[in-house]
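Shown next, in structure tokens, is the structure this report addresses.
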Amino acid sequence: MARAVSVTYRVWDTAAEVAAAGAERFADAAVNAVKARGVARVAISGGSTPKAMFALLADRSKPFFARVPWEKLQLFWVDERCVPPTDPQSNYGMTKAALLDHVPLRAEQVFRMEGELDPEVAAARYEAAVRTAFRLEGAELPQYDFIQLGMGANMHTASLFPHTAALHELGRICVANDVREVNMWRLTHTFPALNRGREVLFLIEKADKAEPLRDVLLGGYDPEQKPAQLIRPDSGKLEFLLDAAAAAKLPAPGANGVGIVQLG
């Protein structure tokens with residue numbers, strides 16, 4: 001049975017406003033994590049909205065750069081395409097150009113998925129790196145302070161695509177996933193690992209996401225077809241930051257700009 005979770009969604013007119021809201025949440029989460037635990041462990045995704053968010057975080061003329069405790073940040077990836085880091089499709093490569101080349105993060109603070117390796121080897125190496133960074137024992141899963149996700153029009157999230165083997169992995173942190181839909185191997189965190197996050201946030205934009213998003217949040221539970229439905233954090237709380245186009249088929253938010261959906 002799926003875990004019950006309360007979904008909060010906030011809507012802005014434009015994708016640029018969503019990116020700014022995401023940058024604010026990233027900074028807040030990092031500050032709060034460092035205050036509570038002395039380190040901020042963040043897992044990020046690729047995509048156009050995260051790219052805009054990263055550019056804002058890296059812009060020293062914006063307020064976010066000065067707020068983020070960069071020296072205490074550890075940066076991980078939710079997923080990666082099995083391509084070299086210099087490939088235009090690489091999530092790491094996009095993040096490097098938009099963020100890493102402009103902020104004071106040392107190499108040991110950045111945990112890259114090695115998409116250029118054999119997929120199974122790369123997944124095992126990433127799981128080992130995460131276990132070492134978090135000092136995990138046995139079957140323990142990491143608890144990221146902040147996880148930023150996106151969703152495709154086919155309702156995938158991370159590289160958890162419909163009808164793929166990774167949807168059924170319960171014990172691993174990171175796996176290689178053969179995604180026939182895009183004819184590519186991917187590396188991805190598993191949904192149990194993602195559900196351990198202290199704060200899990202989706203950034204979603206564009207009209208082609210409106211119907212899929214309605215189906216994920218308001219439709220029947222079918223994670224094999226709608227993998228985004230697997231994201232139900234242990235905390236019982238989940239948040240979506242949306243532009244107006246993506247939110248067009250959801251109930252209108254309240255006067256405070258916030259909508260709430262209860263997923264049973």
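Identifiers for the structure tokens are assigned positionally: chains receive A, B, ... in sequence, residues are indexed from 1 per chain, and ligands are indexed from 1 in the order shown.
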Per residue of segment 18-136 of chain A within 12 Å of segment 160-164 of chain A, note the shortest atom pair and the distance in Å to one decimal, counting only C-alpha atoms, and order the rows by chain and increasing residue number, as a Markdown table.
| residue | atom | partner | partner_atom | distance |
| --- | --- | --- | --- | --- |
| A:Val78 | CA | A:Leu160 | CA | 10.4 |
| A:Asp79 | CA | A:Leu160 | CA | 9.0 |
| A:Glu80 | CA | A:Leu160 | CA | 11.1 |
| A:Arg81 | CA | A:Leu160 | CA | 11.9 |
For those residues, write N, CA and C atoms to a file as a JSON list (two decimals), in the first residue's frame.
[["chain", "number", "residue", "atom", "x", "y", "z"],
["A", 78, "VAL", "N", 20.78, 13.26, -8.40],
["A", 78, "VAL", "CA", 19.68, 12.31, -8.34],
["A", 78, "VAL", "C", 19.83, 11.25, -9.42],
["A", 79, "ASP", "N", 20.24, 11.69, -10.61],
["A", 79, "ASP", "CA", 20.36, 10.76, -11.73],
["A", 79, "ASP", "C", 21.31, 11.33, -12.77],
["A", 80, "GLU", "N", 21.65, 10.49, -13.74],
["A", 80, "GLU", "CA", 22.57, 10.92, -14.79],
["A", 80, "GLU", "C", 22.37, 10.05, -16.03],
["A", 81, "ARG", "N", 22.61, 10.64, -17.17],
["A", 81, "ARG", "CA", 22.65, 9.88, -18.42],
["A", 81, "ARG", "C", 24.02, 9.21, -18.55]]
### Message
Among segment 35-217 of chain A, which residues does DSSP mark as alpha helix (DSSP H) when it is run on the backbone? Keep the chain and numbering as in the structure and answer as a PyMOL selection string.
### Response
chain A and resi 35-37+48-58+63-67+91-98+119-134+191-194+210-217
Keeping only C-alpha atoms, write the selected residues to a file as a PDB file, in the first residue's frame.
ATOM      1  CA  LYS A  35      22.737  24.949  11.615  1.00  0.00           C
ATOM      2  CA  ALA A  36      21.280  21.589  12.608  1.00  0.00           C
ATOM      3  CA  ARG A  37      24.002  19.147  11.531  1.00  0.00           C
ATOM      4  CA  SER A  48      15.780  23.687 -17.873  1.00  0.00           C
ATOM      5  CA  THR A  49      14.270  24.960 -14.608  1.00  0.00           C
ATOM      6  CA  PRO A  50      17.125  23.615 -12.443  1.00  0.00           C
ATOM      7  CA  LYS A  51      19.589  25.156 -14.905  1.00  0.00           C
ATOM      8  CA  ALA A  52      17.951  28.557 -14.369  1.00  0.00           C
ATOM      9  CA  MET A  53      17.950  27.951 -10.609  1.00  0.00           C
ATOM     10  CA  PHE A  54      21.655  27.085 -10.646  1.00  0.00           C
ATOM     11  CA  ALA A  55      22.442  30.255 -12.611  1.00  0.00           C
ATOM     12  CA  LEU A  56      20.652  32.318  -9.951  1.00  0.00           C
ATOM     13  CA  LEU A  57      22.529  30.583  -7.136  1.00  0.00           C
ATOM     14  CA  ALA A  58      25.836  31.272  -8.896  1.00  0.00           C
ATOM     15  CA  PRO A  63      20.986  37.372  -2.737  1.00  0.00           C
ATOM     16  CA  PHE A  64      21.205  33.579  -2.939  1.00  0.00           C
ATOM     17  CA  PHE A  65      24.958  33.298  -3.510  1.00  0.00           C
ATOM     18  CA  ALA A  66      25.876  35.010  -0.247  1.00  0.00           C
ATOM     19  CA  ARG A  67      23.345  32.978   1.758  1.00  0.00           C
ATOM     20  CA  ASN A  91      23.422  16.508 -16.095  1.00  0.00           C
ATOM     21  CA  TYR A  92      26.799  17.044 -14.488  1.00  0.00           C
ATOM     22  CA  GLY A  93      28.064  18.966 -17.509  1.00  0.00           C
ATOM     23  CA  MET A  94      25.060  21.296 -17.413  1.00  0.00           C
ATOM     24  CA  THR A  95      25.498  21.869 -13.691  1.00  0.00           C
ATOM     25  CA  LYS A  96      29.211  22.512 -14.081  1.00  0.00           C
ATOM     26  CA  ALA A  97      28.599  25.247 -16.659  1.00  0.00           C
ATOM     27  CA  ALA A  98      25.688  26.848 -14.808  1.00  0.00           C
ATOM     28  CA  PRO A 119      26.459   1.533 -16.248  1.00  0.00           C
ATOM     29  CA  GLU A 120      26.547  -1.226 -13.630  1.00  0.00           C
ATOM     30  CA  VAL A 121      30.063  -0.238 -12.557  1.00  0.00           C
ATOM     31  CA  ALA A 122      29.091   3.431 -12.373  1.00  0.00           C
ATOM     32  CA  ALA A 123      26.013   2.659 -10.254  1.00  0.00           C
ATOM     33  CA  ALA A 124      28.013   0.514  -7.832  1.00  0.00           C
ATOM     34  CA  ARG A 125      30.723   3.178  -7.556  1.00  0.00           C
ATOM     35  CA  TYR A 126      28.162   5.887  -6.839  1.00  0.00           C
ATOM     36  CA  GLU A 127      26.429   3.819  -4.202  1.00  0.00           C
ATOM     37  CA  ALA A 128      29.798   3.212  -2.547  1.00  0.00           C
ATOM     38  CA  ALA A 129      30.613   6.940  -2.662  1.00  0.00           C
ATOM     39  CA  VAL A 130      27.277   7.828  -1.064  1.00  0.00           C
ATOM     40  CA  ARG A 131      27.699   5.176   1.625  1.00  0.00           C
ATOM     41  CA  THR A 132      31.150   6.518   2.442  1.00  0.00           C
ATOM     42  CA  ALA A 133      30.041  10.163   2.497  1.00  0.00           C
ATOM     43  CA  PHE A 134      27.131   9.394   4.842  1.00  0.00           C
ATOM     44  CA  PHE A 191      12.666   5.656  -4.901  1.00  0.00           C
ATOM     45  CA  PRO A 192      13.280   4.358  -1.337  1.00  0.00           C
ATOM     46  CA  ALA A 193      16.474   6.424  -1.207  1.00  0.00           C
ATOM     47  CA  LEU A 194      14.685   9.525  -2.517  1.00  0.00           C
ATOM     48  CA  ALA A 210      -0.342  19.953 -17.018  1.00  0.00           C
ATOM     49  CA  GLU A 211      -2.265  16.769 -17.821  1.00  0.00           C
ATOM     50  CA  PRO A 212       0.455  14.388 -16.539  1.00  0.00           C
ATOM     51  CA  LEU A 213       0.732  16.389 -13.311  1.00  0.00           C
ATOM     52  CA  ARG A 214      -3.036  16.239 -12.797  1.00  0.00           C
ATOM     53  CA  ASP A 215      -2.884  12.490 -13.368  1.00  0.00           C
ATOM     54  CA  VAL A 216      -0.022  12.024 -10.899  1.00  0.00           C
ATOM     55  CA  LEU A 217      -1.644  14.065  -8.139  1.00  0.00           C
TER      56      LEU A 217
END
Students should find that atom CA of Glu116 of chain A and atom CA of Leu201 of chain A are spaced 28.0 Å
Using only C-alpha atoms, I'd like a table of the residues in segment 68-172 of chain A that come within 12 Å of segment 2-24 of chain A; for each, show the closest atom pair and its distance in Å rounded to one decimal, ordered by chain and ascending number, as CSV.
residue,atom,partner,partner_atom,distance
A:Val68,CA,A:Glu24,CA,9.6
A:Leu99,CA,A:Ala23,CA,11.8
A:Phe146,CA,A:Gly22,CA,11.1
A:Ile147,CA,A:Gly22,CA,11.1
A:Gln148,CA,A:Gly22,CA,8.6
A:Leu149,CA,A:Gly22,CA,10.7
A:Gly150,CA,A:Gly22,CA,11.6
Write a file of the selected residues as a compact mmCIF listing (two decimals), in the first residue's frame, keeping N, CA and C atoms.
# COMPACT_ATOMS: atom_id res chain seq x y z
N VAL A 68 24.13 30.93 0.71
CA VAL A 68 24.47 29.51 0.71
C VAL A 68 25.82 29.29 1.40
N LEU A 99 26.67 26.27 -12.65
CA LEU A 99 26.88 26.48 -11.21
C LEU A 99 28.31 26.25 -10.76
N PHE A 146 18.10 18.02 1.22
CA PHE A 146 17.27 18.67 0.21
C PHE A 146 17.42 17.87 -1.08
N ILE A 147 16.30 17.48 -1.66
CA ILE A 147 16.31 16.77 -2.94
C ILE A 147 15.45 17.55 -3.92
N GLN A 148 16.03 17.90 -5.05
CA GLN A 148 15.30 18.64 -6.09
C GLN A 148 15.04 17.70 -7.24
N LEU A 149 13.76 17.54 -7.57
CA LEU A 149 13.34 16.64 -8.63
C LEU A 149 12.61 17.39 -9.73
N GLY A 150 12.46 16.75 -10.87
CA GLY A 150 11.61 17.23 -11.95
C GLY A 150 10.70 16.10 -12.37
Asp208 of chain A proximity check over A:Asp178, A:Asp243, A:Glu137, A:Glu108, using only C-alpha atoms: winner is A:Asp243
| Contact residues around Leu170 of chain A with only C-alpha atoms at 12 Å, ignoring same-chain residues under 3 positions, as an NGL selection string | :A and (139-141 or 165-167 or 173-175 or 189-195 or 230)
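Residue nearest Pro251 of chain A within the list A:Ala153, A:Leu73, A:Leu218, A:Ala158: A:Leu218 [criterion: smallest interatomic distance, only C-alpha atoms].
Note that atom CA of Phe76 of chain A and atom CA of Leu203 of chain A are 17.2 Å apart.
Our summary of the geometry notes that atom CA of Arg186 of chain A is positioned 8.9 Å from atom CA of Val83 of chain A.
The nearest approach to Trp185 of chain A among the residues A:Gln262, A:Lys237, A:Ala40, A:Leu117, with only C-alpha atoms taken into account, belongs to A:Leu117.
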